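Chemist: If you scroll down you'll find the structure; I have some questions about it.
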Amino acid sequence: MDLLSMRESYQRERVMLCFNGPISRSLIEEIGKALRNYLDTQQAAPAAAMDVFAAYIEMTQNIRHYARRQGYGDDQASATVAVAQDSEGRYQVSAGNLVETPDGQRLVATIEALAGLDKTELKAAYKRQLRQPRDEASPSGAGLGLLDIARKSSQPMRASLQPLSETQSFFSLTATI
Amino acid sequence: MPAMTMIPDLDISGSQSTPIIRSDWAAGRLTMQGDSYPENSYDLFDQVIAWVQGFLTQESRPLRLELGLVYLNTSSVKAMMDIFDLLEEAHEQGRQVSVTWHYDPRNERIAELAEEFKEDCSYPFVITPAKVVP
């Protein structure tokens, strides 16, 4: 394994923390704790640190909820997560996972639609979504997490979809806090 | 003597992702403190919602919520909104209910979150900075 090239790529992309593999509930908590500690040592402002943490939590919990709904096994229910800083020092939270291609296309369309909303419109959409009846099938409320991340972002979220097979694709999402 | 089916008080110790939750039926008080980001918040909050509903139905005394919640994931925000809606309903029927939310003034996000809940409540909802230990 070429650790040196991995290291160089992390340094080039200013990756503070990354993870790839099956993600359990306790792993989300442990990585989250490491992320918070790291932000703390970086002396990030408490509000910014909380926004980064929130984006990380909503993204990874969305991935877990989706994998559960799809009945994916451990190998398919894995996530690729990275937290980095861009050249201007802004935090970037990214997460990717395997999805059924039509689901991924819907997600990309949702995120592109959110990019056109200003902060006031995002807040109104968030409150509207919050008032949707509690859906037992998707306990986190589909879309609420994405709206929350969009509200905490300093620029529109970026999403992409890369085909992996006839029916499945790799969905990835980046939020800049 | 009225028939009473008192709901047992809650005494839930917190964890990394769940808040400390305590209720005091006799005092008419519910307290919640800490972070809340469980995957499915209703696994945790259903019992809190049941306690609040029970108290509001079986008692006529005031109910007071003392909160020191910090970070809430969207699933927890939804559950908290359900609790605040119960208080709003009771308030509209003339019940005395109130919320006090203590926040760390170093983190404005907590006060902003509390403010958004407050927008939909017409009962006393106080958002107050907690004393910071340097």
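Quick note on naming: the chains in the structure tokens go A, B, ... in the order shown, residues restart at 1 in each chain, and ligands are numbered from 1 in order of appearance.
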Residues of chain A within 8 Å of chain B: nearest atom pair and distance (Å, one decimal) for each, counting only C-alpha atoms, sorted by chain and number, as JSON lines?
Modeler:
```
{"residue": "A:Arg25", "atom": "CA", "partner": "B:Glu39", "partner_atom": "CA", "distance": 7.6}
{"residue": "A:Glu29", "atom": "CA", "partner": "B:Ser17", "partner_atom": "CA", "distance": 7.3}
{"residue": "A:Pro46", "atom": "CA", "partner": "B:Asn107", "partner_atom": "CA", "distance": 5.4}
{"residue": "A:Ala47", "atom": "CA", "partner": "B:Asn107", "partner_atom": "CA", "distance": 5.3}
{"residue": "A:Met50", "atom": "CA", "partner": "B:Tyr71", "partner_atom": "CA", "distance": 7.4}
{"residue": "A:Ala54", "atom": "CA", "partner": "B:Asn73", "partner_atom": "CA", "distance": 6.8}
{"residue": "A:Ile57", "atom": "CA", "partner": "B:Asn73", "partner_atom": "CA", "distance": 7.3}
{"residue": "A:Glu58", "atom": "CA", "partner": "B:Asn73", "partner_atom": "CA", "distance": 7.0}
{"residue": "A:Gln61", "atom": "CA", "partner": "B:Glu39", "partner_atom": "CA", "distance": 6.3}
{"residue": "A:Leu130", "atom": "CA", "partner": "B:Lys78", "partner_atom": "CA", "distance": 6.1}
{"residue": "A:Pro139", "atom": "CA", "partner": "B:Asn40", "partner_atom": "CA", "distance": 5.9}
{"residue": "A:Ser140", "atom": "CA", "partner": "B:Ser75", "partner_atom": "CA", "distance": 4.9}
{"residue": "A:Gly141", "atom": "CA", "partner": "B:Ser75", "partner_atom": "CA", "distance": 7.1}
{"residue": "A:Leu144", "atom": "CA", "partner": "B:Thr74", "partner_atom": "CA", "distance": 6.6}
{"residue": "A:Gly145", "atom": "CA", "partner": "B:Thr74", "partner_atom": "CA", "distance": 6.0}
{"residue": "A:Asp148", "atom": "CA", "partner": "B:Thr74", "partner_atom": "CA", "distance": 7.3}
```
Chemist: Would you mind exporting the chosen residues as a compact mmCIF listing (two decimals), in the first residue's frame, restricted to N, CA and C atoms?
Modeler:
```txt
# COMPACT_ATOMS: atom_id res chain seq x y z
N ARG A 25 -23.02 3.21 14.44
CA ARG A 25 -23.46 4.32 15.28
C ARG A 25 -22.33 4.76 16.21
N GLU A 29 -19.98 8.39 16.53
CA GLU A 29 -19.72 9.14 17.77
C GLU A 29 -18.22 9.32 18.02
N PRO A 46 -16.25 28.43 18.62
CA PRO A 46 -17.22 27.41 19.01
C PRO A 46 -18.39 27.27 18.04
N ALA A 47 -18.87 28.39 17.48
CA ALA A 47 -20.00 28.31 16.55
C ALA A 47 -19.58 27.58 15.26
N MET A 50 -19.21 23.90 15.90
CA MET A 50 -20.50 23.23 16.00
C MET A 50 -21.13 23.04 14.62
N ALA A 54 -22.09 19.54 13.10
CA ALA A 54 -23.48 19.31 12.69
C ALA A 54 -23.53 18.76 11.26
N ILE A 57 -22.46 15.15 11.36
CA ILE A 57 -23.49 14.27 11.95
C ILE A 57 -24.64 14.04 10.97
N GLU A 58 -25.15 15.12 10.37
CA GLU A 58 -26.30 14.96 9.48
C GLU A 58 -25.93 14.11 8.26
N GLN A 61 -25.38 10.37 9.47
CA GLN A 61 -26.63 9.73 9.89
C GLN A 61 -27.56 9.52 8.70
N LEU A 130 -39.81 20.71 8.90
CA LEU A 130 -39.91 20.34 10.32
C LEU A 130 -41.35 20.04 10.71
N PRO A 139 -37.14 8.06 10.15
CA PRO A 139 -37.22 8.77 11.42
C PRO A 139 -36.52 10.12 11.44
N SER A 140 -35.52 10.29 10.59
CA SER A 140 -34.80 11.55 10.65
C SER A 140 -35.50 12.62 9.83
N GLY A 141 -36.50 12.24 9.06
CA GLY A 141 -37.18 13.22 8.22
C GLY A 141 -36.33 13.50 7.00
N LEU A 144 -34.56 17.09 5.87
CA LEU A 144 -34.33 18.04 6.95
C LEU A 144 -32.83 18.22 7.22
N GLY A 145 -32.11 17.12 7.20
CA GLY A 145 -30.66 17.17 7.42
C GLY A 145 -29.95 18.00 6.36
N ASP A 148 -30.60 21.60 6.88
CA ASP A 148 -29.81 22.07 8.02
C ASP A 148 -28.37 22.37 7.59
```
Chemist: Just how far from CA of His102 (chain B) is CA of Ile49 (chain B), in Å to one decimal?
Modeler: 20.8 Å
Chemist: Once you count only C-alpha atoms, what closest atom pair and distance in Å to one decimal does each residue of region 22-116 of chain B within 10 Å of region 10-15 of chain B have, with rows by chain and rising residue number, as a Markdown table?
Modeler:
```
| residue | atom | partner | partner_atom | distance |
| --- | --- | --- | --- | --- |
| B:Arg22 | CA | B:Asp11 | CA | 4.6 |
| B:Ser23 | CA | B:Leu10 | CA | 5.1 |
| B:Asp24 | CA | B:Leu10 | CA | 7.8 |
| B:Trp25 | CA | B:Leu10 | CA | 9.2 |
| B:Leu30 | CA | B:Leu10 | CA | 8.7 |
| B:Thr31 | CA | B:Leu10 | CA | 9.7 |
| B:Met32 | CA | B:Gly14 | CA | 9.3 |
| B:Gln33 | CA | B:Gly14 | CA | 8.1 |
| B:Gly34 | CA | B:Gly14 | CA | 7.5 |
| B:Asp35 | CA | B:Ser15 | CA | 8.5 |
| B:Ser36 | CA | B:Ser15 | CA | 8.9 |
| B:Pro38 | CA | B:Ser15 | CA | 9.8 |
| B:Leu44 | CA | B:Ile12 | CA | 9.5 |
| B:Gln47 | CA | B:Leu10 | CA | 8.2 |
| B:Val48 | CA | B:Leu10 | CA | 7.7 |
| B:Trp51 | CA | B:Leu10 | CA | 8.0 |
```
Chemist: Using only C-alpha atoms, please write the residues we just selected to a file, as a PDB file, in the first residue's frame.
Modeler:
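Result went into result_10.pdb, see below:
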```
ATOM      1  CA  ARG B  22     -34.918  14.454  34.737  1.00  0.00           C
ATOM      2  CA  SER B  23     -38.513  15.129  35.600  1.00  0.00           C
ATOM      3  CA  ASP B  24     -40.086  16.123  38.902  1.00  0.00           C
ATOM      4  CA  TRP B  25     -43.840  15.564  38.886  1.00  0.00           C
ATOM      5  CA  LEU B  30     -38.611  18.879  33.493  1.00  0.00           C
ATOM      6  CA  THR B  31     -34.884  19.400  32.938  1.00  0.00           C
ATOM      7  CA  MET B  32     -32.716  18.433  29.967  1.00  0.00           C
ATOM      8  CA  GLN B  33     -29.015  19.111  29.600  1.00  0.00           C
ATOM      9  CA  GLY B  34     -26.272  18.329  27.127  1.00  0.00           C
ATOM     10  CA  ASP B  35     -25.923  17.283  23.496  1.00  0.00           C
ATOM     11  CA  SER B  36     -28.621  15.349  21.698  1.00  0.00           C
ATOM     12  CA  PRO B  38     -29.074   9.997  18.569  1.00  0.00           C
ATOM     13  CA  LEU B  44     -35.320   8.616  23.507  1.00  0.00           C
ATOM     14  CA  GLN B  47     -40.965   8.773  26.964  1.00  0.00           C
ATOM     15  CA  VAL B  48     -40.376  12.500  27.516  1.00  0.00           C
ATOM     16  CA  TRP B  51     -44.421  12.372  30.567  1.00  0.00           C
TER      17      TRP B  51
END
```
Chemist: Just the residues within 9 Å of region 69-78 of chain A, please, counting only C-alpha atoms, with nothing from its chain fewer than 5 positions along; format it as a PyMOL selection string.
Modeler: chain A and resi 20-24+63-64+96-100+137-138
Chemist: Those residues you just picked out, can you put them in a file as a PDB file, in the first residue's frame with C-alpha atoms?
Modeler:
```
ATOM      1  CA  ASN A  20     -13.535   4.962   4.756  1.00  0.00           C
ATOM      2  CA  GLY A  21     -15.452   1.818   5.588  1.00  0.00           C
ATOM      3  CA  PRO A  22     -18.586   0.449   7.261  1.00  0.00           C
ATOM      4  CA  ILE A  23     -19.848   3.124   9.608  1.00  0.00           C
ATOM      5  CA  SER A  24     -21.604   2.120  12.832  1.00  0.00           C
ATOM      6  CA  ILE A  63     -25.992   7.571   5.083  1.00  0.00           C
ATOM      7  CA  ARG A  64     -26.861   5.155   7.914  1.00  0.00           C
ATOM      8  CA  GLY A  96     -19.925   9.813   0.020  1.00  0.00           C
ATOM      9  CA  ASN A  97     -21.782   6.543  -0.198  1.00  0.00           C
ATOM     10  CA  LEU A  98     -23.150   3.959  -2.553  1.00  0.00           C
ATOM     11  CA  VAL A  99     -26.689   4.627  -3.752  1.00  0.00           C
ATOM     12  CA  GLU A 100     -29.198   3.288  -6.239  1.00  0.00           C
ATOM     13  CA  ALA A 137     -40.277   4.903   7.861  1.00  0.00           C
ATOM     14  CA  SER A 138     -37.672   7.645   7.838  1.00  0.00           C
TER      15      SER A 138
END
```
Chemist: Please return, as number ranges by chain, all residues of chain A that DSSP assigns to strand (DSSP E or B) on the basis of the backbone.
Modeler: A: 15-22, 78-85, 91-100, 155-163, 168-176
Chemist: Restricting it to N, CA and C atoms, dump the selection as a CSV table (one decimal), in the first residue's frame.
Modeler:
```csv
chain,number,residue,atom,x,y,z
A,15,VAL,N,-6.6,17.6,4.3
A,15,VAL,CA,-7.5,16.8,5.0
A,15,VAL,C,-7.1,16.7,6.5
A,16,MET,N,-8.0,17.0,7.4
A,16,MET,CA,-7.8,17.0,8.8
A,16,MET,C,-8.1,15.6,9.3
A,17,LEU,N,-9.1,15.0,8.7
A,17,LEU,CA,-9.6,13.8,9.3
A,17,LEU,C,-10.3,13.0,8.1
A,18,CYS,N,-10.1,11.7,8.0
A,18,CYS,CA,-10.9,11.0,7.0
A,18,CYS,C,-11.2,9.6,7.5
A,19,PHE,N,-12.2,9.0,6.9
A,19,PHE,CA,-12.6,7.7,7.2
A,19,PHE,C,-13.2,7.0,6.0
A,20,ASN,N,-12.9,5.7,5.8
A,20,ASN,CA,-13.5,5.0,4.8
A,20,ASN,C,-13.8,3.6,5.3
A,21,GLY,N,-15.1,3.2,5.2
A,21,GLY,CA,-15.5,1.8,5.6
A,21,GLY,C,-16.9,1.8,6.2
A,22,PRO,N,-17.3,0.6,6.7
A,22,PRO,CA,-18.6,0.4,7.3
A,22,PRO,C,-18.7,1.4,8.5
A,78,SER,N,-21.2,1.3,3.6
A,78,SER,CA,-20.0,2.0,4.1
A,78,SER,C,-20.0,3.4,3.6
A,79,ALA,N,-19.2,4.2,4.3
A,79,ALA,CA,-19.2,5.7,4.0
A,79,ALA,C,-17.7,6.1,3.8
A,80,THR,N,-17.6,7.1,3.0
A,80,THR,CA,-16.3,7.8,2.9
A,80,THR,C,-16.5,9.2,3.4
A,81,VAL,N,-15.7,9.6,4.4
A,81,VAL,CA,-16.0,10.9,5.1
A,81,VAL,C,-14.6,11.6,5.1
A,82,ALA,N,-14.6,12.9,4.8
A,82,ALA,CA,-13.4,13.7,5.0
A,82,ALA,C,-13.8,15.1,5.5
A,83,VAL,N,-12.9,15.6,6.4
A,83,VAL,CA,-13.1,17.0,6.8
A,83,VAL,C,-11.8,17.7,6.5
A,84,ALA,N,-11.8,18.7,5.7
A,84,ALA,CA,-10.6,19.4,5.2
A,84,ALA,C,-10.8,20.9,5.4
A,85,GLN,N,-9.7,21.6,5.1
A,85,GLN,CA,-9.8,23.1,5.0
A,85,GLN,C,-9.5,23.5,3.6
A,91,TYR,N,-13.8,25.4,6.5
A,91,TYR,CA,-13.9,24.0,6.7
A,91,TYR,C,-14.8,23.4,5.6
A,92,GLN,N,-14.3,22.2,5.1
A,92,GLN,CA,-15.1,21.5,4.1
A,92,GLN,C,-15.4,20.1,4.7
A,93,VAL,N,-16.7,19.8,4.7
A,93,VAL,CA,-17.2,18.5,5.2
A,93,VAL,C,-17.7,17.7,4.0
A,94,SER,N,-17.1,16.5,3.8
A,94,SER,CA,-17.6,15.7,2.6
A,94,SER,C,-17.9,14.3,3.1
A,95,ALA,N,-18.9,13.8,2.4
A,95,ALA,CA,-19.3,12.4,2.7
A,95,ALA,C,-19.8,11.8,1.4
A,96,GLY,N,-19.5,10.5,1.2
A,96,GLY,CA,-19.9,9.8,0.0
A,96,GLY,C,-20.4,8.4,0.4
A,97,ASN,N,-21.3,7.9,-0.4
A,97,ASN,CA,-21.8,6.5,-0.2
A,97,ASN,C,-22.4,6.0,-1.5
A,98,LEU,N,-22.6,4.7,-1.4
A,98,LEU,CA,-23.1,4.0,-2.6
A,98,LEU,C,-24.7,4.1,-2.5
A,99,VAL,N,-25.2,4.5,-3.7
A,99,VAL,CA,-26.7,4.6,-3.8
A,99,VAL,C,-27.2,4.0,-5.0
A,100,GLU,N,-28.5,3.7,-5.0
A,100,GLU,CA,-29.2,3.3,-6.2
A,100,GLU,C,-29.2,4.5,-7.1
A,155,GLN,N,-21.4,28.6,1.4
A,155,GLN,CA,-21.7,28.6,-0.1
A,155,GLN,C,-22.4,27.4,-0.4
A,156,PRO,N,-23.1,27.4,-1.6
A,156,PRO,CA,-23.9,26.2,-1.9
A,156,PRO,C,-23.2,24.9,-1.8
A,157,MET,N,-23.9,23.9,-1.4
A,157,MET,CA,-23.3,22.5,-1.3
A,157,MET,C,-23.1,22.0,-2.7
A,158,ARG,N,-22.1,21.1,-2.8
A,158,ARG,CA,-21.8,20.5,-4.1
A,158,ARG,C,-22.0,19.0,-4.1
A,159,ALA,N,-22.7,18.5,-5.1
A,159,ALA,CA,-23.0,17.1,-5.1
A,159,ALA,C,-22.5,16.5,-6.4
A,160,SER,N,-22.1,15.2,-6.4
A,160,SER,CA,-21.8,14.6,-7.6
A,160,SER,C,-22.2,13.1,-7.6
A,161,LEU,N,-22.4,12.5,-8.8
A,161,LEU,CA,-22.8,11.1,-8.8
A,161,LEU,C,-22.0,10.4,-9.9
A,162,GLN,N,-21.2,9.4,-9.5
A,162,GLN,CA,-20.4,8.7,-10.4
A,162,GLN,C,-20.9,7.2,-10.5
A,163,PRO,N,-21.1,6.7,-11.7
A,163,PRO,CA,-21.7,5.4,-11.9
A,163,PRO,C,-20.7,4.3,-11.4
A,168,GLN,N,-26.1,1.1,-9.7
A,168,GLN,CA,-25.6,1.8,-8.5
A,168,GLN,C,-24.6,2.8,-8.9
A,169,SER,N,-24.5,3.9,-8.0
A,169,SER,CA,-23.6,5.0,-8.2
A,169,SER,C,-23.0,5.4,-6.9
A,170,PHE,N,-21.9,6.1,-7.0
A,170,PHE,CA,-21.3,6.7,-5.8
A,170,PHE,C,-21.7,8.2,-5.7
A,171,PHE,N,-22.4,8.5,-4.6
A,171,PHE,CA,-22.9,9.8,-4.4
A,171,PHE,C,-22.0,10.5,-3.5
A,172,SER,N,-21.5,11.8,-3.8
A,172,SER,CA,-20.7,12.5,-2.8
A,172,SER,C,-21.2,13.9,-2.7
A,173,LEU,N,-21.1,14.4,-1.5
A,173,LEU,CA,-21.6,15.7,-1.1
A,173,LEU,C,-20.5,16.5,-0.3
A,174,THR,N,-20.3,17.7,-0.7
A,174,THR,CA,-19.4,18.6,0.1
A,174,THR,C,-20.1,19.9,0.5
A,175,ALA,N,-19.9,20.2,1.8
A,175,ALA,CA,-20.5,21.4,2.3
A,175,ALA,C,-19.3,22.3,2.8
A,176,THR,N,-19.3,23.5,2.5
A,176,THR,CA,-18.3,24.5,2.9
A,176,THR,C,-18.9,25.3,4.0
```
